[in-house]
Structures are given as structure tokens and as C-alpha cells.
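One file, entry_38.cif, carrying mmCIF, C-alpha atoms and all ligand atoms:
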```cif
data_query
loop_
_atom_site.label_atom_id
_atom_site.label_comp_id
_atom_site.auth_asym_id
_atom_site.auth_seq_id
_atom_site.Cartn_x
_atom_site.Cartn_y
_atom_site.Cartn_z
CA GLY A 1 0.45 -43.84 4.84
CA GLY A 2 3.69 -42.36 6.09
CA TRP A 3 4.56 -39.37 8.26
CA LEU A 4 3.53 -35.74 7.91
CA GLY A 5 5.14 -33.02 10.02
CA LEU A 6 3.95 -29.82 11.61
CA LEU A 7 5.71 -26.77 12.95
CA GLY A 8 3.56 -25.50 15.79
CA GLY A 9 1.31 -27.24 18.28
CA GLY A 10 -1.81 -25.09 18.56
CA GLN A 11 -5.43 -25.93 17.82
CA LEU A 12 -4.97 -25.68 14.04
CA GLY A 13 -2.29 -28.34 14.36
CA ARG A 14 -4.54 -30.48 16.51
CA MET A 15 -7.31 -30.45 13.90
CA PHE A 16 -4.71 -31.16 11.20
CA CYS A 17 -3.53 -34.22 13.19
CA HIS A 18 -7.06 -35.60 13.36
CA ALA A 19 -7.58 -35.14 9.61
CA ALA A 20 -4.19 -36.57 8.60
CA GLN A 21 -4.64 -39.55 10.92
CA SER A 22 -8.03 -40.27 9.35
CA LEU A 23 -6.24 -40.51 6.00
CA GLY A 24 -3.84 -43.07 7.48
CA TYR A 25 -0.86 -40.80 8.16
CA LYS A 26 1.14 -40.41 11.34
CA VAL A 27 1.91 -36.87 12.43
CA ALA A 28 5.01 -35.44 14.12
CA VAL A 29 4.61 -32.05 15.81
CA LEU A 30 7.49 -29.75 16.72
CA ASP A 31 6.55 -27.33 19.51
CA PRO A 32 8.47 -26.06 22.55
CA ALA A 33 5.54 -26.44 24.96
CA ALA A 34 5.43 -29.64 27.03
CA GLU A 35 1.65 -29.68 26.74
CA CYS A 36 0.03 -28.25 23.61
CA PRO A 37 -3.21 -28.99 21.74
CA ALA A 38 -1.53 -30.73 18.79
CA GLY A 39 1.22 -32.40 20.81
CA MET A 40 -1.45 -34.23 22.82
CA VAL A 41 -2.89 -35.96 19.77
CA ALA A 42 0.21 -36.25 17.55
CA ASP A 43 1.97 -39.58 17.03
CA LEU A 44 5.24 -37.87 17.95
CA HIS A 45 5.83 -34.61 19.81
CA ILE A 46 9.31 -33.18 19.32
CA GLN A 47 9.66 -30.71 22.15
CA ALA A 48 12.02 -28.08 20.77
CA ALA A 49 12.15 -24.42 19.79
CA TYR A 50 10.97 -23.58 16.24
CA ASP A 51 14.55 -22.78 15.23
CA ASP A 52 16.24 -25.67 17.04
CA GLU A 53 18.55 -27.41 14.56
CA ASP A 54 18.35 -30.86 16.12
CA GLY A 55 14.58 -30.67 16.44
CA LEU A 56 14.19 -29.57 12.81
CA ALA A 57 16.56 -32.31 11.63
CA ARG A 58 14.55 -34.92 13.51
CA LEU A 59 11.29 -33.60 12.04
CA ALA A 60 12.72 -33.71 8.50
CA GLN A 61 14.11 -37.24 9.00
CA THR A 62 10.77 -38.52 10.27
CA CYS A 63 8.46 -36.91 7.72
CA GLN A 64 7.97 -36.97 3.98
CA ALA A 65 6.47 -33.48 4.10
CA VAL A 66 6.27 -30.67 6.67
CA THR A 67 3.86 -27.75 7.04
CA THR A 68 3.23 -24.99 9.55
CA GLU A 69 0.15 -24.13 11.52
CA PHE A 70 0.97 -20.50 12.33
CA GLU A 71 2.41 -17.68 10.27
CA ASN A 72 5.07 -16.59 12.70
CA VAL A 73 7.29 -19.64 12.37
CA PRO A 74 10.80 -18.47 11.39
CA ALA A 75 11.01 -18.57 7.58
CA ASP A 76 14.61 -19.79 8.00
CA SER A 77 13.34 -22.92 9.72
CA LEU A 78 11.21 -23.68 6.65
CA ARG A 79 14.28 -23.08 4.48
CA ALA A 80 16.38 -25.48 6.56
CA LEU A 81 13.65 -28.14 6.35
CA ALA A 82 13.27 -27.68 2.59
CA ALA A 83 16.84 -28.90 2.11
CA ARG A 84 15.76 -32.27 3.53
CA CYS A 85 12.07 -32.84 2.80
CA ARG A 86 9.06 -31.42 1.02
CA VAL A 87 7.84 -28.21 2.70
CA SER A 88 4.56 -26.44 2.11
CA PRO A 89 4.10 -23.53 2.15
CA ALA A 90 7.55 -22.45 0.95
CA ALA A 91 9.66 -20.15 3.12
CA ASP A 92 9.50 -17.35 0.53
CA ALA A 93 5.69 -17.28 0.55
CA VAL A 94 5.55 -17.32 4.35
CA ALA A 95 8.19 -14.58 4.55
CA ILE A 96 5.92 -12.29 2.51
CA VAL A 97 2.70 -12.85 4.42
CA GLN A 98 4.31 -12.68 7.87
CA ASP A 99 5.36 -9.08 7.26
CA ARG A 100 2.42 -6.73 6.75
CA ILE A 101 4.55 -4.29 4.73
CA ALA A 102 5.68 -6.96 2.23
CA GLU A 103 2.23 -8.56 2.29
CA LYS A 104 0.40 -5.38 1.28
CA ALA A 105 2.99 -4.60 -1.41
CA PHE A 106 2.60 -8.10 -2.83
CA ILE A 107 -1.22 -7.96 -2.90
CA ALA A 108 -1.19 -4.55 -4.58
CA SER A 109 1.36 -5.88 -7.11
CA GLN A 110 -1.26 -8.47 -8.13
CA GLY A 111 -3.65 -5.64 -8.99
CA ILE A 112 -5.82 -6.34 -5.94
CA PRO A 113 -6.77 -3.36 -3.76
CA VAL A 114 -5.72 -3.01 -0.11
CA ALA A 115 -6.51 -0.26 2.41
CA PRO A 116 -4.59 3.01 1.94
CA HIS A 117 -1.55 2.62 4.17
CA ALA A 118 2.02 3.66 4.89
CA ALA A 119 5.01 1.65 6.08
CA ILE A 120 6.18 3.05 9.43
CA ARG A 121 9.81 2.27 10.25
CA GLY A 122 10.45 5.33 12.38
CA GLU A 123 8.79 8.44 13.81
CA ALA A 124 9.68 10.39 10.67
CA ASP A 125 7.43 8.08 8.61
CA LEU A 126 4.53 8.85 10.93
CA ARG A 127 5.15 12.59 10.71
CA ALA A 128 5.20 12.31 6.90
CA ALA A 129 2.09 10.07 6.64
CA PRO A 130 -0.75 11.68 4.68
CA ASP A 131 -3.67 13.17 6.65
CA SER A 132 -5.97 10.75 4.82
CA LEU A 133 -4.65 7.87 7.00
CA PHE A 134 -6.28 9.39 10.11
CA PRO A 135 -8.31 8.09 11.84
CA GLY A 136 -6.49 4.82 11.29
CA ILE A 137 -5.12 1.64 12.76
CA LEU A 138 -1.46 1.21 13.59
CA LYS A 139 -0.49 -2.48 13.30
CA VAL A 140 2.89 -4.01 14.13
CA ALA A 141 4.26 -5.40 10.86
CA ARG A 142 5.16 -8.77 12.36
CA LEU A 143 3.85 -11.20 14.98
CA GLY A 144 0.37 -9.70 15.56
CA TYR A 145 -2.75 -11.86 15.74
CA ASP A 146 -6.28 -11.68 17.17
CA GLY A 147 -6.01 -7.88 17.12
CA LYS A 148 -2.90 -7.90 19.32
CA GLY A 149 -0.24 -5.35 18.37
CA GLN A 150 -2.87 -2.98 16.97
CA ALA A 151 -4.07 0.43 18.10
CA ARG A 152 -6.94 2.47 16.72
CA ILE A 153 -5.76 6.05 16.58
CA ASP A 154 -7.62 9.30 15.93
CA SER A 155 -4.65 11.57 15.36
CA ARG A 156 -0.98 11.74 14.46
CA GLU A 157 -0.13 12.39 18.13
CA ALA A 158 -2.00 9.25 19.20
CA ALA A 159 -0.18 7.29 16.49
CA LEU A 160 3.21 8.51 17.74
CA ALA A 161 2.28 7.43 21.27
CA ALA A 162 1.11 3.99 20.07
CA PHE A 163 4.27 3.56 17.98
CA ALA A 164 6.40 4.26 21.08
CA GLU A 165 4.25 1.85 23.09
CA PHE A 166 4.97 -0.90 20.52
CA GLY A 167 8.68 -0.28 21.17
CA GLY A 168 9.35 1.44 17.83
CA VAL A 169 9.14 -1.81 15.82
CA ALA A 170 8.19 -1.62 12.13
CA CYS A 171 4.45 -1.01 11.68
CA VAL A 172 1.83 -0.35 9.06
CA LEU A 173 -0.51 2.59 9.43
CA GLU A 174 -3.83 1.86 7.71
CA ALA A 175 -6.76 4.15 7.19
CA LEU A 176 -9.80 3.07 9.20
CA MET A 177 -12.08 1.74 6.46
CA PRO A 178 -15.89 2.01 6.37
CA LEU A 179 -16.67 -1.71 6.56
CA ASP A 180 -20.02 -3.07 5.49
CA TYR A 181 -19.05 -6.64 6.31
CA GLU A 182 -16.08 -9.05 6.28
CA ILE A 183 -15.59 -12.22 4.26
CA SER A 184 -12.83 -14.76 3.79
CA VAL A 185 -11.86 -17.42 1.29
CA VAL A 186 -9.88 -20.58 2.02
CA ILE A 187 -8.09 -22.10 -0.95
CA ALA A 188 -6.01 -25.26 -1.25
CA ARG A 189 -3.37 -25.56 -3.95
CA GLY A 190 -1.51 -28.77 -4.72
CA PHE A 191 2.09 -29.23 -5.85
CA ASP A 192 0.77 -29.68 -9.40
CA GLY A 193 -0.69 -26.15 -9.28
CA ALA A 194 -4.30 -27.36 -9.27
CA SER A 195 -6.42 -25.53 -6.72
CA VAL A 196 -9.82 -25.85 -5.08
CA VAL A 197 -11.69 -23.06 -3.31
CA PHE A 198 -14.09 -23.31 -0.38
CA PRO A 199 -17.32 -21.35 -0.21
CA VAL A 200 -16.94 -17.78 1.02
CA ALA A 201 -17.42 -17.29 4.76
CA ARG A 202 -18.94 -14.15 6.20
CA ASN A 203 -17.25 -13.13 9.44
CA VAL A 204 -18.10 -11.06 12.50
CA HIS A 205 -15.26 -9.92 14.75
CA ARG A 206 -15.54 -8.69 18.32
CA ASP A 207 -12.63 -6.80 19.86
CA GLY A 208 -10.42 -7.80 16.91
CA ILE A 209 -11.13 -11.53 17.44
CA LEU A 210 -13.26 -13.64 15.11
CA ALA A 211 -16.58 -14.41 16.82
CA VAL A 212 -18.92 -15.84 14.15
CA SER A 213 -18.47 -17.24 10.64
CA THR A 214 -21.38 -18.08 8.37
CA ALA A 215 -21.36 -20.02 5.13
CA ALA A 216 -24.45 -20.37 2.99
CA PRO A 217 -25.18 -21.03 -0.67
CA VAL A 218 -24.89 -17.91 -2.79
CA LYS A 219 -27.91 -15.75 -2.13
CA LEU A 220 -30.14 -14.71 -5.02
CA ASP A 221 -28.73 -11.27 -4.48
CA ALA A 222 -26.70 -10.18 -7.49
CA ALA A 223 -24.39 -7.81 -5.59
CA HIS A 224 -23.56 -10.44 -2.99
CA ALA A 225 -22.90 -13.12 -5.60
CA GLU A 226 -20.60 -10.76 -7.45
CA ARG A 227 -18.56 -10.03 -4.25
CA GLN A 228 -18.17 -13.77 -3.73
CA ALA A 229 -16.97 -14.33 -7.27
CA GLN A 230 -14.53 -11.42 -6.97
CA ALA A 231 -13.16 -12.69 -3.66
CA THR A 232 -12.73 -16.19 -5.02
CA ALA A 233 -10.87 -14.91 -8.09
CA ALA A 234 -8.64 -12.69 -5.92
CA ALA A 235 -7.76 -15.62 -3.62
CA GLN A 236 -6.84 -17.72 -6.65
CA ALA A 237 -4.67 -14.94 -8.07
CA ILE A 238 -2.90 -14.52 -4.72
CA ALA A 239 -2.22 -18.24 -4.31
CA GLN A 240 -0.93 -18.47 -7.85
CA GLY A 241 1.13 -15.29 -7.56
CA LEU A 242 2.80 -16.63 -4.41
CA GLY A 243 3.48 -19.97 -6.11
CA TYR A 244 1.72 -21.32 -3.06
CA HIS A 245 1.37 -24.96 -2.05
CA GLY A 246 -0.98 -25.98 0.73
CA VAL A 247 -3.89 -24.19 2.38
CA LEU A 248 -4.18 -20.42 2.41
CA CYS A 249 -6.86 -17.99 3.61
CA VAL A 250 -7.50 -14.48 2.35
CA GLU A 251 -9.45 -12.06 4.56
CA PHE A 252 -11.46 -9.35 2.79
CA PHE A 253 -13.36 -6.22 3.70
CA VAL A 254 -16.50 -5.32 1.79
CA LEU A 255 -16.75 -1.56 2.08
CA LYS A 256 -19.90 0.54 2.42
CA ASP A 257 -19.61 1.55 -1.26
CA GLY A 258 -19.66 -2.14 -2.23
CA SER A 259 -16.00 -2.40 -3.18
CA LEU A 260 -13.80 -5.25 -2.03
CA ILE A 261 -10.30 -4.98 -0.54
CA VAL A 262 -7.94 -7.56 0.94
CA ASN A 263 -7.16 -7.21 4.65
CA GLU A 264 -4.55 -9.94 5.09
CA ILE A 265 -3.44 -13.43 4.11
CA ALA A 266 -2.92 -16.41 6.43
CA PRO A 267 -0.56 -19.12 5.09
CA ARG A 268 -2.50 -21.95 6.73
CA PRO A 269 -6.00 -23.16 7.51
CA HIS A 270 -7.99 -20.38 9.15
CA ASN A 271 -10.45 -19.99 11.98
CA SER A 272 -13.07 -18.77 9.49
CA GLY A 273 -12.71 -22.11 7.67
CA HIS A 274 -13.54 -24.29 10.67
CA TYR A 275 -17.09 -24.66 9.37
CA THR A 276 -15.66 -26.86 6.58
CA MET A 277 -15.07 -29.65 9.13
CA ASP A 278 -18.80 -30.23 9.51
CA ALA A 279 -20.37 -28.56 6.50
CA CYS A 280 -18.15 -29.49 3.54
CA LEU A 281 -17.31 -32.85 2.07
CA THR A 282 -13.59 -32.22 2.69
CA SER A 283 -12.35 -30.06 5.58
CA GLN A 284 -9.64 -27.42 5.22
CA PHE A 285 -7.38 -29.63 7.38
CA GLU A 286 -7.90 -32.67 5.20
CA GLN A 287 -7.01 -30.53 2.17
CA GLN A 288 -3.80 -29.48 3.93
CA ALA A 289 -2.87 -33.15 4.48
CA ARG A 290 -3.83 -34.10 0.93
CA ALA A 291 -1.81 -31.22 -0.55
CA MET A 292 1.27 -32.18 1.49
CA ALA A 293 0.98 -35.85 0.62
CA GLY A 294 0.55 -35.11 -3.08
CA LEU A 295 -2.93 -36.64 -3.05
CA PRO A 296 -5.78 -35.25 -5.16
CA LEU A 297 -7.65 -32.43 -3.43
CA GLY A 298 -11.19 -33.18 -2.29
CA GLY A 299 -14.55 -31.66 -3.10
CA THR A 300 -15.28 -28.36 -1.37
CA ASP A 301 -19.05 -28.14 -1.84
CA LEU A 302 -21.07 -26.83 1.06
CA LEU A 303 -23.43 -29.62 2.09
CA ALA A 304 -25.71 -27.32 4.12
CA PRO A 305 -25.75 -23.81 5.59
CA ALA A 306 -23.46 -23.45 8.61
CA VAL A 307 -22.80 -21.01 11.44
CA MET A 308 -19.58 -21.30 13.46
CA LEU A 309 -19.31 -19.78 16.93
CA ASN A 310 -15.89 -19.34 18.50
CA LEU A 311 -15.66 -20.37 22.15
CA LEU A 312 -13.38 -17.96 23.97
CA GLY A 313 -12.13 -18.46 27.52
CA ASP A 314 -14.53 -15.74 28.69
CA ILE A 315 -17.43 -18.18 28.94
CA TRP A 316 -15.55 -20.07 31.64
CA TYR A 317 -16.08 -16.95 33.80
CA PRO A 318 -19.73 -16.54 34.78
CA SER A 319 -19.02 -13.10 36.24
CA ALA A 320 -17.64 -10.40 33.97
CA THR A 321 -15.31 -9.16 36.70
CA GLY A 322 -14.61 -12.08 39.06
CA ASP A 323 -11.99 -14.77 38.51
CA ALA A 324 -14.10 -17.76 39.58
CA GLN A 325 -14.22 -20.33 36.74
CA ARG A 326 -16.70 -23.03 35.85
CA GLU A 327 -16.94 -25.41 32.91
CA PRO A 328 -19.56 -24.20 30.41
CA ASP A 329 -22.73 -26.31 30.16
CA TRP A 330 -21.82 -28.42 27.12
CA ALA A 331 -24.85 -30.65 27.56
CA ALA A 332 -27.14 -27.64 27.22
CA ALA A 333 -25.40 -26.62 23.98
CA LEU A 334 -25.51 -30.15 22.59
CA ALA A 335 -29.22 -30.35 23.32
CA VAL A 336 -29.45 -28.42 20.05
CA PRO A 337 -29.17 -31.36 17.63
CA THR A 338 -27.66 -29.33 14.78
CA ALA A 339 -24.67 -28.29 16.95
CA LYS A 340 -21.23 -29.90 16.70
CA LEU A 341 -18.76 -29.15 19.51
CA HIS A 342 -14.98 -28.99 19.03
CA LEU A 343 -12.73 -28.38 22.07
CA TYR A 344 -8.99 -27.90 21.77
CA GLY A 345 -7.86 -29.49 25.03
CA LYS A 346 -6.40 -26.30 26.51
CA ARG A 347 -6.22 -26.62 30.27
CA GLU A 348 -6.21 -22.95 31.14
CA ALA A 349 -9.21 -20.83 30.13
CA ARG A 350 -8.05 -17.24 29.75
CA ARG A 351 -10.30 -14.41 28.63
CA GLY A 352 -9.92 -13.85 24.86
CA ARG A 353 -8.23 -17.26 24.41
CA LYS A 354 -9.65 -19.55 21.72
CA MET A 355 -10.73 -22.71 23.57
CA GLY A 356 -12.92 -24.36 20.94
CA HIS A 357 -15.76 -23.74 18.53
CA VAL A 358 -19.27 -24.95 17.78
CA THR A 359 -20.60 -25.36 14.26
CA ILE A 360 -24.33 -25.43 13.65
CA VAL A 361 -25.32 -27.11 10.38
CA ALA A 362 -28.97 -26.97 9.35
CA PRO A 363 -31.15 -27.36 6.25
CA THR A 364 -31.73 -23.61 5.98
CA LEU A 365 -29.64 -20.58 6.91
CA GLN A 366 -32.56 -19.29 8.95
CA GLN A 367 -32.61 -22.45 11.06
CA ALA A 368 -28.82 -22.48 11.44
CA GLN A 369 -28.96 -18.91 12.74
CA ALA A 370 -31.83 -19.62 15.12
CA ASP A 371 -30.07 -22.72 16.45
CA ALA A 372 -26.81 -20.77 16.81
CA ALA A 373 -28.67 -18.27 18.99
CA ARG A 374 -29.90 -21.16 21.17
CA VAL A 375 -26.36 -22.55 21.51
CA ALA A 376 -25.01 -19.11 22.38
CA ALA A 377 -27.67 -18.67 25.05
CA ALA A 378 -26.95 -22.13 26.47
CA LEU A 379 -23.28 -21.23 26.85
CA GLY A 380 -23.86 -17.73 28.24
CA MET A 381 -22.50 -16.06 25.10
CA GLN A 382 -23.56 -12.92 23.32
CA ALA A 383 -26.16 -13.68 20.63
CA PRO A 384 -24.54 -14.03 17.18
CA GLU A 385 -25.20 -11.09 14.87
P1 LIG A 401 -6.06 -12.33 12.81
O1 LIG A 401 -6.34 -13.03 14.10
O2 LIG A 401 -7.19 -12.39 11.81
O3 LIG A 401 -4.72 -12.65 12.21
P2 LIG A 401 -4.94 -9.68 13.16
O4 LIG A 401 -4.43 -9.42 14.54
O5 LIG A 401 -3.97 -9.96 12.10
O6 LIG A 401 -6.07 -10.79 13.23
P3 LIG A 401 -6.47 -7.88 11.45
O7 LIG A 401 -7.06 -8.99 10.68
O8 LIG A 401 -5.51 -6.99 10.77
O9 LIG A 401 -5.81 -8.40 12.81
O10 LIG A 401 -7.62 -6.99 12.08
C1 LIG A 401 -8.57 -7.56 12.96
C2 LIG A 401 -9.93 -6.94 12.70
O11 LIG A 401 -9.89 -5.52 12.94
C3 LIG A 401 -10.40 -7.07 11.26
O12 LIG A 401 -10.98 -8.32 11.01
C4 LIG A 401 -11.39 -5.90 11.18
O13 LIG A 401 -12.60 -6.23 11.86
C5 LIG A 401 -10.69 -4.82 11.98
N1 LIG A 401 -9.82 -4.01 11.10
C6 LIG A 401 -8.53 -4.26 10.79
N2 LIG A 401 -8.04 -3.35 9.93
C7 LIG A 401 -9.03 -2.48 9.68
C8 LIG A 401 -9.15 -1.29 8.88
N3 LIG A 401 -8.12 -0.82 8.15
N4 LIG A 401 -10.34 -0.64 8.88
C9 LIG A 401 -11.38 -1.09 9.63
N5 LIG A 401 -11.34 -2.20 10.39
C10 LIG A 401 -10.18 -2.89 10.43
MG MG A 402 -3.55 -11.65 11.06
MG MG A 403 -7.23 -10.92 10.43
#
```
Kindly transcribe the structure held in the file into C-alpha cells.
Ligand code: ATP
Ligand code: MG
Ligand code: MG
Amino acid sequence: GGWLGLLGGGQLGRMFCHAAQSLGYKVAVLDPAAECPAGMVADLHIQAAYDDEDGLARLAQTCQAVTTEFENVPADSLRALAARCRVSPAADAVAIVQDRIAEKAFIASQGIPVAPHAAIRGEADLRAAPDSLFPGILKVARLGYDGKGQARIDSREAALAAFAEFGGVACVLEALMPLDYEISVVIARGFDGASVVFPVARNVHRDGILAVSTAAPVKLDAAHAERQAQATAAAQAIAQGLGYHGVLCVEFFVLKDGSLIVNEIAPRPHNSGHYTMDACLTSQFEQQARAMAGLPLGGTDLLAPAVMLNLLGDIWYPSATGDAQREPDWAAALAVPTAKLHLYGKREARRGRKMGHVTIVAPTLQQAQADAARVAAALGMQAPE
């Protein structure tokens, strides 16, 4: 036992609290919001800004180790904490992955391909960008998530307009890639450098937000198995190259020509790894707690095929246009016996806001997919692809 600490009070922190508490730890959460998903279930909620000196000091005094549940925590706060207690991940690793320009340069430096791109620090960079980056996606270098701070652009003129709209902050311009599908790998690495990797998840995004993740035993399809092995090796190289401690997720694109590139890195458990809570022996959140506490990491085997459906605030609105809300029919979803419901305790259901998820775990992938379709229908959601 003892205390583990968390910067950030969102749903990832909430699920971390549950996992750490199951291992016998108490959890202190630092978050400025009076009511937040993790704060509600933590043993201590320090209500303070992420860079508040007193709040950080109190967190460090209380806890033997501190982690973060979102990538946009000020790296300086992690540095300040590291002077007083064990911190994972380290400020230097977080500083790289929270800036898309540094992140892409780091990945490429490991010999792992990324999308063709250019760093955009001013209009001149956009004027000088090669024609091959159009059509493309302009992404703010910092603070974007769930597709926010991104614009798909067809031309240089459109990119200049989008850049101005983002207020002229540093951006990355990426070529729009011909995606076949998307996958991700969650890896946990302990302070002793030993790492364990979870099975590859296959992900479907809608409007830039993760909608569905599927994990299944490697298919008897040689090309697919090879992609998985490549992705796993790349995630291990990235974690090692960053000198990373804790849980990390790498998002990949599999292109139409079969090649694999890295999209981005998240220095924390990831939405595409939520299936591990119900379908793996050890969840990604338990691994995070184990890594912080210096405990051995747990087994990551997939116990059965799983499909995870994200529950966005949209399903609280029966009409696509109106603003009348109603609670989704949870009983109808849970009438599917393979479905496990996880809600994050957020009071306000906004469209596009992650409110919870459902994981369907079944003996075969075919059944998991069929049951996922039943759950989606019960909740008034689009059928999973
Ligand atoms: P997250 O919530 O995962 O942090 P984010 O806001 O950082 O999201 P990205 O992961 O960069 O956004 O992009 C979101 C989605 O947009 C990707 O998963 C992919 O579907 C699509 N996308 C992003 N970049 C490209 C690209 N260069 N070419 C084609 N599609 C892309
Ligand atoms: Mg991101
Ligand atoms: Mg992403």
C-alpha cells in the first residue's frame, strides 16, 4: 500500500484510481475542477491548477510516485515534482510527445516512418511547403486532442486561412495519407526497463474521435500478422528511445500500399486500450499503477476477442438537431450478456464528449462484432464498422 498521485482528473484518471485502489493503494488527484471524474473516486482531491506550487508540493508530500493522465500537463510541473518524488513519465519524455514537431522528429530519429510533413511556425513556412503536402491536414503543434485544432485543407490558400484561424500558433502540416486502417499499441515499461506490450487494437475514428476499437488474436493472415509484429517492435523502440517509464500508446496508420507509419504517441493509457480492462488479465490502468509502484508488470494476454464502443454525449440527444436530453437505455444495452458498461460520472452530456464506453467480450470475433451491433442499436448509435 501507500499513496500514488495523479495530475489530471479526467476519465483516464478515474479508471486509474479504481485499478490502483484494487491493488491496495490510495490515490491523490490534482485537478482544478471542483467536480471531475477522477476527483470523485480519489482518496484525496487537491483542487489546484496544474502549475500551482502549493498543490504540487502537497501532491509530492502525499505520494510515493506521481503520474499524469493527459499529455498537456505542463512539463515543468513534472520537473518540479521529480525533485521530491518518483515521477513517471519523466518531464523530458512528455515534453517531446506534447509537441507534434518534436514528436515527429523524435520518431523519425528512431528510424520509424511518419507522414511527410513540415513544421509551420509562420506564414513563410506555409508558402515554402512542398506541393506534395497538399491536400493535407494542418494540426496545431500543441494542445490538440479528439481532432480539435486540426483542419483538412485542399490548397495552400486554405492552409493559410486555417493557420490564421488557429491564431498563428506553431503547427504541423501533414500530407493527407491514403489510410487502409488504423491500429494502436499500448506498452508498459517499468523503472527497471522491462516492458510488456498489449495486443494490437484496430481503431475506427469518426470525425477525428475514436469510435470503435477491436482486439482479436492474430488472424491467420500473414500480412496482418506482420503489421502487428512491426507495430509492436516500433512501440518498443519508441518507449526505449524515450527512456520511458509507465504506460504509453503509439497510434499507427496502415497505408493502402501496406506500409506502416506512426501517427502520434500518447504518454499515458489510451482510449484504444480500454478493452484491456475486460479482455486482458491486467488492464492498462493496473499496469500504470504497477509501474509507478515498482511492482512487477502483469500479463497482457488477450483472454477473448473484444470490441470497444465509445459512448459520446450525442446519444443523450435523441434528435440530431434538438437539445432535449434523455438518459440512454442502459438496461437495453446490458441485455446483451457479453457487454460491460463503463460510465465516467460526467454530469453534462455534450455532443462529441466522451461519457463512457462499452466493451463486448465474446468467444469469437464474429460474435463480439454481432453483439456490438446489438449494443449500438440498443443505445441509438451508428452500427460499428
Ligand atoms: P487523439 O484524440 O487521438 O489525440 P488528435 O486530435 O491528436 O487525436 P490525430 O490522432 O492526429 O488527432 O488525428 C485524428 C484522426 O484523424 C486520426 O486517427 C486519423 O483518422 C485522421 N488523420 C490524422 N492525420 C492524418 C493524416 N495525415 N492522413 C489521414 N488521416 C489522418
Ligand atoms: Mg493526439
Ligand atoms: Mg490520435
d(atom CA of Gly147 of chain A, atom CA of Leu255 of chain A) in Å: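 Between atom CA of Gly147 of chain A and atom CA of Leu255 of chain A the gap works out to 19.5 Å.
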For segment 94-108 of chain A: contacts at 9 Å, all atoms listed in the file, fewer than 2 positions along chain excluded, given as number ranges by chain: A: 71-76, 78, 89-92, 110-115, 117-120, 139-143, 170-172, 238, 241-242, 262-267
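The residue that comes closest to ligand LIG 401 (chain A), out of A:Glu286, A:Asp301, A:Glu53, A:Asp207 and on the basis of all atoms listed in the file, is A:Asp207.
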Atom CA of Ser184 of chain A to atom CA of Lys256 of chain A, distance in Å rounded to a single decimal: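 Atom CA of Lys256 of chain A lies 16.9 Å from atom CA of Ser184 of chain A.
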Surrounding residues as a PyMOL selection string, ligand LIG 401 (chain A), max 8 Å, all atoms listed in the file: chain A and resi 115+136-137+139+144-150+174-179+182+204-210+251+253+263-264+266
Nearest to ligand MG 402 (chain A), chosen from A:Tyr344, A:Phe191, A:Phe163, A:Phe70, with all atoms listed in the file counted in the distances: A:Phe70
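Across the model, the gap from atom CA of Met308 of chain A to atom CA of Arg326 of chain A is 22.6 Å.
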Of the listed residues A:Ala164, A:Leu260, A:Ala188, A:Leu302, that which approaches Phe285 of chain A most closely, counting all atoms listed in the file: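 Nearest candidate to Phe285 of chain A out of A:Ala164, A:Leu260, A:Ala188, A:Leu302: A:Ala188.
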For ligand MG 403 (chain A), the nearest of the candidates A:Val197, A:Leu126, A:Cys249, A:Ala38, counting only C-alpha atoms and all ligand atoms: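 Ranking A:Val197, A:Leu126, A:Cys249, A:Ala38 by distance to ligand MG 403 (chain A), first place goes to A:Cys249.
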Since the input is missing atoms, can you rebuild all heavy atoms for segment 362-367 of chain A and write them as a short mmCIF file (atom, residue, chain, number, x, y, z; two decimals), in the frame of the given file?
```
data_model
loop_
_atom_site.label_atom_id
_atom_site.label_comp_id
_atom_site.auth_asym_id
_atom_site.auth_seq_id
_atom_site.Cartn_x
_atom_site.Cartn_y
_atom_site.Cartn_z
N ALA A 362 -27.52 -26.77 9.43
CA ALA A 362 -28.97 -26.97 9.35
C ALA A 362 -29.45 -26.86 7.91
O ALA A 362 -28.74 -26.31 7.07
CB ALA A 362 -29.68 -25.95 10.23
N PRO A 363 -30.65 -27.37 7.64
CA PRO A 363 -31.15 -27.36 6.25
C PRO A 363 -31.31 -25.97 5.66
O PRO A 363 -31.19 -25.80 4.45
CB PRO A 363 -32.51 -28.05 6.34
CG PRO A 363 -32.50 -28.78 7.64
CD PRO A 363 -31.55 -28.08 8.55
N THR A 364 -31.60 -24.98 6.49
CA THR A 364 -31.73 -23.61 5.98
C THR A 364 -30.85 -22.68 6.81
O THR A 364 -30.56 -22.97 7.98
CB THR A 364 -33.17 -23.09 6.07
OG1 THR A 364 -33.53 -23.00 7.46
CG2 THR A 364 -34.16 -23.99 5.33
N LEU A 365 -30.45 -21.57 6.19
CA LEU A 365 -29.64 -20.58 6.91
C LEU A 365 -30.42 -20.04 8.11
O LEU A 365 -29.87 -19.84 9.19
CB LEU A 365 -29.24 -19.45 5.97
CG LEU A 365 -28.44 -18.31 6.60
CD1 LEU A 365 -27.14 -18.84 7.22
CD2 LEU A 365 -28.13 -17.23 5.58
N GLN A 366 -31.71 -19.82 7.88
CA GLN A 366 -32.56 -19.29 8.95
C GLN A 366 -32.53 -20.21 10.18
O GLN A 366 -32.40 -19.75 11.32
CB GLN A 366 -33.99 -19.20 8.42
CG GLN A 366 -34.76 -18.05 8.96
CD GLN A 366 -36.17 -18.01 8.36
OE1 GLN A 366 -36.59 -18.96 7.67
NE2 GLN A 366 -36.87 -16.94 8.63
N GLN A 367 -32.64 -21.52 9.93
CA GLN A 367 -32.61 -22.45 11.06
C GLN A 367 -31.22 -22.49 11.71
O GLN A 367 -31.09 -22.54 12.93
CB GLN A 367 -33.03 -23.86 10.65
CG GLN A 367 -33.29 -24.73 11.89
CD GLN A 367 -33.35 -26.22 11.58
OE1 GLN A 367 -33.77 -26.63 10.49
NE2 GLN A 367 -32.94 -27.03 12.56
#
```
